[in-house]
$ cat model-v5.csv   # CSV, C-alpha atoms (C1' of nucleotides)
chain,number,residue,atom,x,y,z
A,1,MET,CA,62.0,110.1,89.3
A,2,GLU,CA,58.5,110.0,88.0
A,3,ASP,CA,55.6,109.3,90.3
A,4,ILE,CA,53.7,106.0,90.1
A,5,ASN,CA,50.0,105.9,90.0
A,6,THR,CA,49.3,102.7,91.9
A,7,GLU,CA,45.6,103.2,91.7
A,8,GLU,CA,45.5,102.6,88.0
A,9,LEU,CA,48.1,100.0,87.6
A,10,ASN,CA,48.2,96.4,88.7
A,11,THR,CA,51.4,95.0,90.1
A,12,ASP,CA,52.5,93.1,87.1
A,13,ILE,CA,52.0,95.9,84.7
A,14,LEU,CA,53.9,98.3,86.9
A,15,LEU,CA,56.8,95.8,87.3
A,16,LYS,CA,56.9,95.3,83.5
A,17,LYS,CA,56.8,99.0,82.9
A,18,LYS,CA,59.8,99.4,85.2
A,19,GLY,CA,61.7,96.6,83.4
A,20,TYR,CA,61.5,94.0,86.1
A,21,LYS,CA,61.0,90.3,85.4
A,22,ILE,CA,57.7,89.2,86.9
A,23,THR,CA,58.3,86.7,89.7
A,24,PRO,CA,56.0,85.5,92.5
A,25,ALA,CA,58.1,87.3,95.1
A,26,ARG,CA,58.0,90.6,93.4
A,27,THR,CA,54.3,90.5,92.6
A,28,ALA,CA,53.5,89.5,96.2
A,29,ILE,CA,55.8,92.1,97.8
A,30,LEU,CA,54.6,95.0,95.6
A,31,ASP,CA,51.0,93.8,96.3
A,32,ILE,CA,51.6,94.1,100.0
A,33,PHE,CA,52.7,97.7,99.7
A,34,ILE,CA,49.7,98.6,97.5
A,35,LYS,CA,47.3,97.0,99.9
A,36,ASN,CA,48.9,98.4,103.1
A,37,LYS,CA,49.2,102.1,103.0
A,38,ILE,CA,51.7,102.3,105.8
A,39,PRO,CA,55.5,102.1,106.0
A,40,LEU,CA,56.7,98.5,106.4
A,41,THR,CA,59.9,96.8,107.4
A,42,ALA,CA,61.6,93.8,105.8
A,43,TYR,CA,60.6,91.8,108.8
A,44,GLU,CA,56.9,92.8,108.5
A,45,ILE,CA,57.0,91.9,104.8
A,46,CYS,CA,58.4,88.5,105.6
A,47,LYS,CA,55.6,87.9,108.1
A,48,LYS,CA,52.9,88.9,105.7
A,49,LEU,CA,54.4,86.7,103.0
A,50,ASP,CA,54.4,83.7,105.3
A,51,LYS,CA,50.7,84.1,105.9
A,52,LEU,CA,49.9,84.1,102.2
A,53,LYS,CA,48.4,80.8,101.1
A,54,THR,CA,48.7,81.7,97.4
A,55,ILE,CA,52.5,81.6,97.5
A,56,GLY,CA,55.3,79.3,98.7
A,57,ASP,CA,58.0,80.4,101.1
A,58,ILE,CA,60.0,83.4,100.1
A,59,ASN,CA,63.4,83.7,101.5
A,60,GLU,CA,64.4,86.6,103.7
A,61,ALA,CA,67.4,87.4,101.5
A,62,THR,CA,65.0,87.7,98.5
A,63,VAL,CA,62.9,90.2,100.4
A,64,TYR,CA,65.9,92.4,101.2
A,65,ARG,CA,67.1,92.2,97.6
A,66,THR,CA,63.6,93.0,96.3
A,67,LEU,CA,63.2,96.0,98.6
A,68,SER,CA,66.5,97.4,97.6
A,69,SER,CA,65.8,96.8,94.0
A,70,PHE,CA,62.4,98.4,94.2
A,71,GLU,CA,64.0,101.4,95.9
A,72,LYS,CA,66.6,101.7,93.2
A,73,GLY,CA,63.9,101.5,90.6
A,74,GLY,CA,61.9,104.2,92.2
A,75,ILE,CA,59.0,102.1,93.3
A,76,LEU,CA,59.8,102.3,97.0
A,77,LYS,CA,61.3,104.9,99.2
A,78,LYS,CA,63.3,104.1,102.3
A,79,ILE,CA,62.5,106.2,105.3
A,80,ASP,CA,64.2,106.6,108.7
A,81,LEU,CA,61.8,106.7,111.6
A,82,ARG,CA,64.5,106.4,114.3
A,83,LYS,CA,64.0,102.8,114.9
A,84,ASP,CA,66.4,99.9,114.5
A,85,ARG,CA,65.0,98.8,111.2
A,86,ALA,CA,64.5,100.5,107.8
A,87,TYR,CA,61.0,101.3,106.7
A,88,PHE,CA,59.8,101.3,103.1
A,89,GLU,CA,56.8,102.7,101.5
A,90,LEU,CA,55.5,103.3,98.0
A,91,SER,CA,57.1,106.4,96.5
A,92,ASN,CA,53.9,107.4,94.7
A,93,ASP,CA,53.3,110.6,96.6
A,94,HIS,CA,55.4,113.0,98.6
A,95,HIS,CA,54.6,113.1,102.3
A,96,HIS,CA,56.3,113.0,105.7
A,97,HIS,CA,55.6,111.4,109.0
A,98,ILE,CA,54.8,112.2,112.7
A,99,VAL,CA,56.1,109.3,114.8
A,100,CYS,CA,55.1,108.6,118.4
A,101,THR,CA,58.4,107.9,120.3
A,102,ASN,CA,56.4,105.9,122.8
A,103,CYS,CA,54.2,103.5,120.9
A,104,GLY,CA,55.6,103.9,117.4
A,105,GLU,CA,52.3,105.1,115.9
A,106,ILE,CA,52.9,106.8,112.5
A,107,GLU,CA,50.8,109.6,111.0
A,108,ASP,CA,51.3,111.0,107.5
A,109,PHE,CA,51.2,114.6,106.6
A,110,LYS,CA,51.4,116.3,103.2
A,111,GLU,CA,54.1,118.8,102.4
A,112,SER,CA,52.8,122.3,101.8
A,113,ASN,CA,53.8,124.7,99.1
A,114,GLU,CA,55.2,127.1,101.7
A,115,MET,CA,57.5,124.3,102.8
A,116,GLU,CA,58.9,123.8,99.3
A,117,ILE,CA,59.5,127.5,99.0
A,118,ILE,CA,61.4,127.6,102.3
A,119,LEU,CA,63.5,124.6,101.2
A,120,SER,CA,64.4,126.3,97.9
A,121,GLN,CA,65.4,129.5,99.8
A,122,ILE,CA,67.7,127.4,102.0
A,123,VAL,CA,69.5,126.0,98.9
A,124,LYS,CA,69.7,129.5,97.5
A,125,LYS,CA,71.7,130.6,100.5
A,126,SER,CA,74.0,127.5,100.4
A,127,SER,CA,77.5,128.0,99.3
A,128,LYS,CA,78.2,124.3,98.6
A,129,PHE,CA,75.0,123.2,97.0
A,130,LYS,CA,73.0,124.7,94.1
A,131,ASN,CA,70.1,122.3,94.2
A,132,ILE,CA,68.8,119.3,96.2
A,133,LYS,CA,67.4,116.1,95.0
A,134,GLU,CA,65.4,115.0,98.0
A,135,HIS,CA,64.9,115.7,101.7
A,136,SER,CA,63.6,113.9,104.7
A,137,LEU,CA,61.4,115.5,107.3
A,138,GLU,CA,60.1,113.5,110.2
A,139,LEU,CA,58.4,114.8,113.4
A,140,PHE,CA,58.6,113.1,116.7
A,141,GLY,CA,56.4,113.4,119.7
A,142,ILE,CA,53.9,111.6,122.0
A,143,CYS,CA,50.6,110.7,120.5
A,144,ARG,CA,47.3,111.5,122.2
A,145,ALA,CA,46.7,107.9,123.0
A,146,CYS,CA,50.0,107.7,124.9
A,147,ASN,CA,49.6,111.0,126.6
B,1,MET,CA,66.0,119.9,127.0
B,2,GLU,CA,67.9,123.1,127.7
B,3,ASP,CA,70.6,124.2,125.3
B,4,ILE,CA,74.2,124.0,126.3
B,5,ASN,CA,76.6,127.0,125.8
B,6,THR,CA,79.8,125.2,125.0
B,7,GLU,CA,81.6,128.5,124.4
B,8,GLU,CA,81.4,129.5,128.0
B,9,LEU,CA,81.9,126.1,129.7
B,10,ASN,CA,84.9,123.9,129.8
B,11,THR,CA,84.3,120.2,129.5
B,12,ASP,CA,84.6,119.2,133.1
B,13,ILE,CA,82.3,121.9,134.4
B,14,LEU,CA,79.7,120.9,131.8
B,15,LEU,CA,80.0,117.2,132.8
B,16,LYS,CA,79.7,118.1,136.4
B,17,LYS,CA,76.7,120.3,135.8
B,18,LYS,CA,75.0,117.4,134.0
B,19,GLY,CA,75.8,115.0,136.9
B,20,TYR,CA,78.4,112.9,135.2
B,21,LYS,CA,81.5,111.6,136.9
B,22,ILE,CA,84.6,113.1,135.4
B,23,THR,CA,86.7,110.5,133.6
B,24,PRO,CA,89.4,110.8,131.0
B,25,ALA,CA,87.2,109.2,128.4
B,26,ARG,CA,84.3,111.6,128.9
B,27,THR,CA,86.5,114.6,129.1
B,28,ALA,CA,88.4,113.6,125.9
B,29,ILE,CA,85.3,112.7,123.9
B,30,LEU,CA,83.4,115.9,124.9
B,31,ASP,CA,86.5,117.9,124.0
B,32,ILE,CA,86.6,116.4,120.6
B,33,PHE,CA,83.0,117.4,119.9
B,34,ILE,CA,83.7,121.0,121.2
B,35,LYS,CA,86.8,121.3,119.0
B,36,ASN,CA,85.3,119.7,115.9
B,37,LYS,CA,82.2,121.5,114.9
B,38,ILE,CA,81.1,118.7,112.5
B,39,PRO,CA,79.0,115.6,113.0
B,40,LEU,CA,81.1,112.6,114.0
B,41,THR,CA,80.7,108.9,114.1
B,42,ALA,CA,81.8,106.5,116.9
B,43,TYR,CA,84.5,105.3,114.6
B,44,GLU,CA,85.8,108.8,114.0
B,45,ILE,CA,85.9,109.5,117.7
B,46,CYS,CA,87.9,106.3,118.2
B,47,LYS,CA,90.4,107.4,115.6
B,48,LYS,CA,90.8,110.8,117.2
B,49,LEU,CA,91.2,109.3,120.6
B,50,ASP,CA,93.9,107.0,119.4
B,51,LYS,CA,95.9,110.0,118.1
B,52,LEU,CA,95.8,111.8,121.5
B,53,LYS,CA,99.1,111.4,123.3
B,54,THR,CA,97.6,112.9,126.5
B,55,ILE,CA,95.4,109.9,127.1
B,56,GLY,CA,95.7,106.1,127.1
B,57,ASP,CA,93.7,103.8,125.0
B,58,ILE,CA,90.0,104.1,125.3
B,59,ASN,CA,87.9,101.1,124.4
B,60,GLU,CA,85.4,101.2,121.6
B,61,ALA,CA,82.7,100.0,123.9
B,62,THR,CA,83.4,102.9,126.2
B,63,VAL,CA,83.0,105.3,123.2
B,64,TYR,CA,79.6,103.8,122.3
B,65,ARG,CA,78.5,103.9,125.9
B,66,THR,CA,79.7,107.5,126.3
B,67,LEU,CA,78.0,108.7,123.1
B,68,SER,CA,74.7,107.2,124.1
B,69,SER,CA,75.0,108.4,127.6
B,70,PHE,CA,75.7,112.0,126.4
B,71,GLU,CA,72.7,111.7,124.1
B,72,LYS,CA,70.5,110.7,126.9
B,73,GLY,CA,71.9,113.5,129.0
B,74,GLY,CA,71.1,116.0,126.2
B,75,ILE,CA,74.8,116.9,125.5
B,76,LEU,CA,74.8,115.2,122.1
B,77,LYS,CA,72.2,114.7,119.4
B,78,LYS,CA,72.1,111.7,117.1
B,79,ILE,CA,71.5,112.5,113.5
B,80,ASP,CA,70.7,110.3,110.5
B,81,LEU,CA,72.5,111.3,107.3
B,82,ARG,CA,71.6,108.1,105.4
B,83,LYS,CA,74.9,106.5,105.9
B,84,ASP,CA,75.6,103.2,107.5
B,85,ARG,CA,76.8,104.7,110.7
B,86,ALA,CA,75.2,107.0,113.3
B,87,TYR,CA,76.4,110.6,113.5
B,88,PHE,CA,76.5,112.7,116.7
B,89,GLU,CA,76.9,116.4,117.2
B,90,LEU,CA,76.6,118.8,120.1
B,91,SER,CA,73.0,119.6,120.8
B,92,ASN,CA,73.8,123.2,121.6
B,93,ASP,CA,72.0,124.8,118.7
B,94,HIS,CA,69.2,123.8,116.5
B,95,HIS,CA,70.2,123.3,112.8
B,96,HIS,CA,69.9,120.9,110.0
B,97,HIS,CA,72.1,119.5,107.2
B,98,ILE,CA,72.5,119.3,103.5
B,99,VAL,CA,74.4,116.2,102.6
B,100,CYS,CA,76.1,115.4,99.3
B,101,THR,CA,75.0,111.9,98.3
B,102,ASN,CA,78.2,111.5,96.3
B,103,CYS,CA,81.1,112.6,98.5
B,104,GLY,CA,79.4,112.9,101.9
B,105,GLU,CA,80.1,116.6,102.3
B,106,ILE,CA,77.9,118.1,105.0
B,107,GLU,CA,76.7,121.7,105.2
B,108,ASP,CA,74.7,123.1,108.1
B,109,PHE,CA,71.8,125.4,107.8
B,110,LYS,CA,69.7,127.2,110.4
B,111,GLU,CA,66.1,126.7,110.7
B,112,SER,CA,64.0,129.7,109.9
B,113,ASN,CA,61.0,131.1,111.9
B,114,GLU,CA,58.8,130.4,108.9
B,115,MET,CA,59.7,126.8,109.2
B,116,GLU,CA,58.7,126.6,112.8
B,117,ILE,CA,55.4,128.2,112.0
B,118,ILE,CA,54.8,125.7,109.3
B,119,LEU,CA,55.6,122.8,111.6
B,120,SER,CA,53.3,124.1,114.2
B,121,GLN,CA,50.5,124.3,111.6
B,122,ILE,CA,51.1,120.7,110.6
B,123,VAL,CA,50.7,119.6,114.2
B,124,LYS,CA,47.5,121.7,114.5
B,125,LYS,CA,46.0,119.7,111.7
B,126,SER,CA,47.0,116.4,113.2
B,127,SER,CA,44.3,114.2,114.6
B,128,LYS,CA,46.7,111.9,116.6
B,129,PHE,CA,49.3,114.4,117.9
B,130,LYS,CA,48.8,117.7,119.8
B,131,ASN,CA,52.4,118.6,119.9
B,132,ILE,CA,55.9,117.5,118.8
B,133,LYS,CA,59.1,117.3,120.7
B,134,GLU,CA,61.6,117.3,117.9
B,135,HIS,CA,62.0,116.9,114.2
B,136,SER,CA,64.6,115.9,111.7
B,137,LEU,CA,65.1,117.7,108.4
B,138,GLU,CA,68.0,116.7,106.2
B,139,LEU,CA,68.4,117.7,102.5
B,140,PHE,CA,70.3,115.5,100.0
B,141,GLY,CA,71.9,116.5,96.8
B,142,ILE,CA,75.1,116.7,94.8
B,143,CYS,CA,77.5,119.5,96.0
B,144,ARG,CA,79.2,121.9,93.6
B,145,ALA,CA,82.5,120.2,93.9
B,146,CYS,CA,81.0,116.9,92.7
B,147,ASN,CA,78.9,118.4,90.0
C,1,DT,C1',92.1,106.8,153.5
C,2,DC,C1',88.0,104.2,153.1
C,3,DT,C1',83.8,102.8,150.8
C,4,DT,C1',80.8,102.2,147.3
C,5,DA,C1',78.5,103.0,143.2
C,6,DT,C1',80.0,104.0,138.5
C,7,DT,C1',82.8,103.3,134.8
C,8,DT,C1',85.8,100.8,131.9
C,9,DG,C1',88.1,96.9,129.2
C,10,DC,C1',87.6,92.8,127.2
C,11,DA,C1',85.5,89.3,124.8
C,12,DA,C1',81.5,87.4,123.4
C,13,DG,C1',77.0,88.2,121.7
C,14,DT,C1',73.2,90.4,118.8
C,15,DC,C1',70.8,91.7,114.9
C,16,DA,C1',69.7,93.8,110.6
C,17,DC,C1',71.4,93.2,106.5
C,18,DT,C1',74.6,91.4,102.6
C,19,DT,C1',76.8,88.1,99.7
C,20,DG,C1',78.9,83.9,97.2
C,21,DC,C1',77.4,80.2,94.9
C,22,DA,C1',74.8,76.6,93.0
C,23,DT,C1',70.1,75.9,91.3
C,24,DT,C1',65.9,77.5,89.4
C,25,DT,C1',63.0,80.3,86.6
C,26,DG,C1',61.3,84.1,83.5
C,27,DT,C1',61.4,85.6,78.9
C,28,DG,C1',62.8,86.4,74.3
C,29,DT,C1',64.1,83.5,70.4
C,30,DT,C1',64.0,79.7,67.3
D,1,DA,C1',56.6,74.1,72.4
D,2,DA,C1',61.3,73.6,73.4
D,3,DC,C1',65.8,76.2,74.0
D,4,DA,C1',69.2,79.3,75.8
D,5,DC,C1',70.7,82.4,78.9
D,6,DA,C1',70.6,86.2,81.9
D,7,DA,C1',68.4,87.2,86.0
D,8,DA,C1',66.3,85.8,90.3
D,9,DT,C1',66.2,82.8,94.3
D,10,DG,C1',67.4,79.8,98.4
D,11,DC,C1',70.6,78.7,101.6
D,12,DA,C1',74.2,79.3,104.6
D,13,DA,C1',77.9,81.9,105.8
D,14,DG,C1',79.6,86.5,106.4
D,15,DT,C1',79.7,91.5,107.7
D,16,DG,C1',79.7,95.3,110.6
D,17,DA,C1',77.8,98.5,113.8
D,18,DC,C1',76.5,98.3,118.1
D,19,DT,C1',75.5,96.0,122.8
D,20,DT,C1',76.2,93.4,127.0
D,21,DG,C1',77.9,90.4,131.0
D,22,DC,C1',81.3,90.4,134.1
D,23,DA,C1',85.4,91.3,136.6
D,24,DA,C1',88.7,94.8,137.6
D,25,DA,C1',89.7,99.8,138.0
D,26,DT,C1',88.4,104.3,139.6
D,27,DA,C1',85.9,108.8,140.8
D,28,DA,C1',84.0,111.1,144.6
D,29,DG,C1',81.7,111.7,148.9
D,30,DA,C1',82.2,110.3,153.8

$ encode --input "model-v5.csv" --output "structure tokens"
Amino acid sequence: MEDINTEELNTDILLKKKGYKITPARTAILDIFIKNKIPLTAYEICKKLDKLKTIGDINEATVYRTLSSFEKGGILKKIDLRKDRAYFELSNDHHHHIVCTNCGEIEDFKESNEMEIILSQIVKKSSKFKNIKEHSLELFGICRACN
Amino acid sequence: MEDINTEELNTDILLKKKGYKITPARTAILDIFIKNKIPLTAYEICKKLDKLKTIGDINEATVYRTLSSFEKGGILKKIDLRKDRAYFELSNDHHHHIVCTNCGEIEDFKESNEMEIILSQIVKKSSKFKNIKEHSLELFGICRACN
DNA sequence: TCTTATTTGCAAGTCACTTGCATTTGTGTT
DNA sequence: AACACAAATGCAAGTGACTTGCAAATAAGA
């Protein structure tokens, strides 16, 4: 799954490149992800869409369908932050999260080369797997503000 | 959260030690986790309970309540394997999983010392967190059998 | 055995997410 | 510019894992 450079592309060109039809819903949703550099839930997307004056109402079902379609197309990545809702973020660079189990604050961190080496060693030792496609790594703690 | 040595303790002693009242449901559910060394869902627990001749019917709600109570008490750990249901396993040793995204096969792997060192370095670099309580690390790929 | 707080069963409820279907809309074609 | 048609959307109903209120049952200390 090739990475997306969201800095250089506008939403419509990216959608076109990925073979999506350009619709107001898709443009607006992708735009929200590009402007907000944090993980977002379907519910948060809906709220942000409601506030937009430039666009009519977009149905909740459409948001869910768009998110899952973007995920399948490699534009978004679904992440599990141990909350009751799924979070999505742009899949344009590989990083992980530290989540405050008290207030929900999320901080990103980059994966190091050492980490990749360790992961490959784990797979080398595995009897049932010879390679892995992806992995999730999330840290949980209490942030300084809550402490 | 102190680790549990399930090898040395029988279910009732462990429950008592943790301050739980001993009930048939709790004994049976904990027993299932001790005998099955794999992550299990609430649904799988229900099925296994149904098969037991030694015990009457145990309600689904009781299973959910017991699982979440055991989780809160540190006996079980909830893990996210990117499926539609929550998995639980005994929290008696720290390990992670490689999951086949095709057939669902799960393999455990131990965390290395290098990994712990890397994680502590990540936290050292963090501006918002000064320590973490736990972390999740799951690898996803296609197992040899499916390949 | 008694007492009381806890646990359980049952049924109804919740909530994120999905889906069937009729209508609308992008987009390539004429 | 209009057409045709597959794809996208809105709406409402459905799904499924999980939760909860409440009355009845029960574990465990007195």

$ closest_residue --input "model-v5.csv" --among "A:Ala42, A:Ala61, A:Leu67, A:Ile118" --to "chain D" --atoms "only C-alpha atoms (C1' of nucleotides)"
A:Ala61

$ closest_residue --input "model-v5.csv" --among "B:Pro39, B:Gly74, B:Gly141, B:Gly19" --to "chain A" --atoms "all atoms listed in the file"
B:Gly141

$ interface_residues --input "model-v5.csv" --of "chain C" --to "chain B" --cutoff "10 Å" --atoms "only C-alpha atoms (C1' of nucleotides)" --output "VMD selection string"
chain C and resid 6 to 10

$ atom_distance --input "model-v5.csv" --atom1 "atom CA of A:Arg26" --atom2 "atom CA of A:Ser91"
16.1 Å

$ calpha_fit_and_write --input "model-v5.csv" --fixed "chain A" --moving "chain B" --output "short mmCIF file (atom, residue, chain, number, x, y, z; two decimals) with C-alpha atoms, in the coordinates of the input"
data_model
loop_
_atom_site.label_atom_id
_atom_site.label_comp_id
_atom_site.auth_asym_id
_atom_site.auth_seq_id
_atom_site.Cartn_x
_atom_site.Cartn_y
_atom_site.Cartn_z
CA MET B 1 62.10 110.05 89.44
CA GLU B 2 58.57 110.03 88.08
CA ASP B 3 55.70 109.26 90.42
CA ILE B 4 53.88 106.00 90.16
CA ASN B 5 50.01 105.87 90.07
CA THR B 6 49.39 102.66 91.92
CA GLU B 7 45.62 103.18 91.73
CA GLU B 8 45.54 102.71 88.02
CA LEU B 9 48.19 99.98 87.60
CA ASN B 10 48.15 96.42 88.71
CA THR B 11 51.36 95.03 90.07
CA ASP B 12 52.55 93.11 87.08
CA ILE B 13 52.01 95.93 84.62
CA LEU B 14 53.93 98.28 86.93
CA LEU B 15 56.82 95.76 87.22
CA LYS B 16 56.87 95.32 83.53
CA LYS B 17 56.83 99.03 82.89
CA LYS B 18 59.84 99.41 85.21
CA GLY B 19 61.72 96.58 83.40
CA TYR B 20 61.54 93.97 86.09
CA LYS B 21 60.99 90.30 85.43
CA ILE B 22 57.72 89.15 86.87
CA THR B 23 58.23 86.70 89.73
CA PRO B 24 55.96 85.57 92.51
CA ALA B 25 58.11 87.29 95.08
CA ARG B 26 58.03 90.67 93.37
CA THR B 27 54.39 90.47 92.59
CA ALA B 28 53.53 89.48 96.21
CA ILE B 29 55.76 92.08 97.85
CA LEU B 30 54.54 94.94 95.58
CA ASP B 31 50.97 93.85 96.30
CA ILE B 32 51.54 94.07 99.97
CA PHE B 33 52.79 97.65 99.70
CA ILE B 34 49.75 98.59 97.46
CA LYS B 35 47.31 97.02 99.93
CA ASN B 36 48.96 98.35 103.08
CA LYS B 37 49.23 102.06 102.93
CA ILE B 38 51.70 102.21 105.87
CA PRO B 39 55.47 102.06 106.04
CA LEU B 40 56.74 98.50 106.42
CA THR B 41 59.91 96.83 107.43
CA ALA B 42 61.59 93.79 105.77
CA TYR B 43 60.56 91.78 108.75
CA GLU B 44 56.93 92.80 108.41
CA ILE B 45 56.92 91.90 104.75
CA CYS B 46 58.33 88.48 105.64
CA LYS B 47 55.55 87.93 108.13
CA LYS B 48 52.90 88.90 105.62
CA LEU B 49 54.39 86.70 103.00
CA ASP B 50 54.39 83.75 105.30
CA LYS B 51 50.63 84.18 105.89
CA LEU B 52 49.82 84.12 102.13
CA LYS B 53 48.46 80.74 101.13
CA THR B 54 48.69 81.69 97.41
CA ILE B 55 52.46 81.63 97.44
CA GLY B 56 55.27 79.39 98.70
CA ASP B 57 57.93 80.42 101.06
CA ILE B 58 59.95 83.39 100.06
CA ASN B 59 63.42 83.74 101.51
CA GLU B 60 64.38 86.65 103.67
CA ALA B 61 67.30 87.40 101.46
CA THR B 62 64.98 87.64 98.50
CA VAL B 63 62.84 90.19 100.47
CA TYR B 64 65.90 92.36 101.22
CA ARG B 65 67.06 92.12 97.65
CA THR B 66 63.58 92.95 96.33
CA LEU B 67 63.13 95.95 98.65
CA SER B 68 66.44 97.43 97.64
CA SER B 69 65.88 96.70 94.04
CA PHE B 70 62.44 98.44 94.13
CA GLU B 71 64.09 101.38 95.87
CA LYS B 72 66.64 101.68 93.21
CA GLY B 73 63.94 101.39 90.60
CA GLY B 74 62.00 104.24 92.28
CA ILE B 75 58.98 102.03 93.26
CA LEU B 76 59.76 102.22 96.98
CA LYS B 77 61.27 104.87 99.22
CA LYS B 78 63.32 104.10 102.31
CA ILE B 79 62.46 106.15 105.31
CA ASP B 80 64.19 106.58 108.68
CA LEU B 81 61.81 106.72 111.65
CA ARG B 82 64.56 106.34 114.29
CA LYS B 83 63.93 102.74 114.88
CA ASP B 84 66.36 99.93 114.56
CA ARG B 85 64.99 98.76 111.29
CA ALA B 86 64.55 100.40 107.87
CA TYR B 87 61.04 101.30 106.73
CA PHE B 88 59.84 101.30 103.10
CA GLU B 89 56.78 102.78 101.52
CA LEU B 90 55.54 103.36 98.00
CA SER B 91 57.17 106.38 96.49
CA ASN B 92 53.99 107.40 94.73
CA ASP B 93 53.33 110.60 96.63
CA HIS B 94 55.43 112.97 98.53
CA HIS B 95 54.63 113.11 102.31
CA HIS B 96 56.24 112.97 105.64
CA HIS B 97 55.58 111.41 109.06
CA ILE B 98 54.90 112.17 112.64
CA VAL B 99 56.06 109.33 114.79
CA CYS B 100 55.15 108.63 118.41
CA THR B 101 58.39 107.96 120.27
CA ASN B 102 56.48 105.88 122.80
CA CYS B 103 54.24 103.48 120.88
CA GLY B 104 55.57 103.88 117.33
CA GLU B 105 52.30 105.16 115.89
CA ILE B 106 52.87 106.82 112.53
CA GLU B 107 50.79 109.60 111.00
CA ASP B 108 51.35 110.98 107.51
CA PHE B 109 51.22 114.57 106.57
CA LYS B 110 51.47 116.34 103.22
CA GLU B 111 54.06 118.80 102.50
CA SER B 112 52.82 122.30 101.94
CA ASN B 113 53.83 124.75 99.13
CA GLU B 114 55.21 127.07 101.78
CA MET B 115 57.55 124.36 102.80
CA GLU B 116 58.89 123.89 99.34
CA ILE B 117 59.47 127.58 99.02
CA ILE B 118 61.36 127.60 102.24
CA LEU B 119 63.53 124.70 101.15
CA SER B 120 64.30 126.36 97.92
CA GLN B 121 65.39 129.50 99.82
CA ILE B 122 67.70 127.44 102.00
CA VAL B 123 69.39 126.02 98.92
CA LYS B 124 69.69 129.55 97.44
CA LYS B 125 71.71 130.57 100.44
CA SER B 126 73.95 127.55 100.26
CA SER B 127 77.52 128.06 99.20
CA LYS B 128 78.22 124.31 98.47
CA PHE B 129 74.91 123.18 96.89
CA LYS B 130 72.92 124.71 93.99
CA ASN B 131 70.08 122.32 94.21
CA ILE B 132 68.68 119.35 96.17
CA LYS B 133 67.24 116.12 94.99
CA GLU B 134 65.30 115.05 98.02
CA HIS B 135 64.78 115.71 101.67
CA SER B 136 63.61 113.95 104.76
CA LEU B 137 61.36 115.57 107.35
CA GLU B 138 60.07 113.46 110.20
CA LEU B 139 58.44 114.87 113.40
CA PHE B 140 58.64 113.01 116.75
CA GLY B 141 56.38 113.31 119.69
CA ILE B 142 53.99 111.55 122.03
CA CYS B 143 50.55 110.76 120.41
CA ARG B 144 47.26 111.47 122.17
CA ALA B 145 46.68 107.88 122.99
CA CYS B 146 49.98 107.70 124.91
CA ASN B 147 49.61 111.01 126.60
#
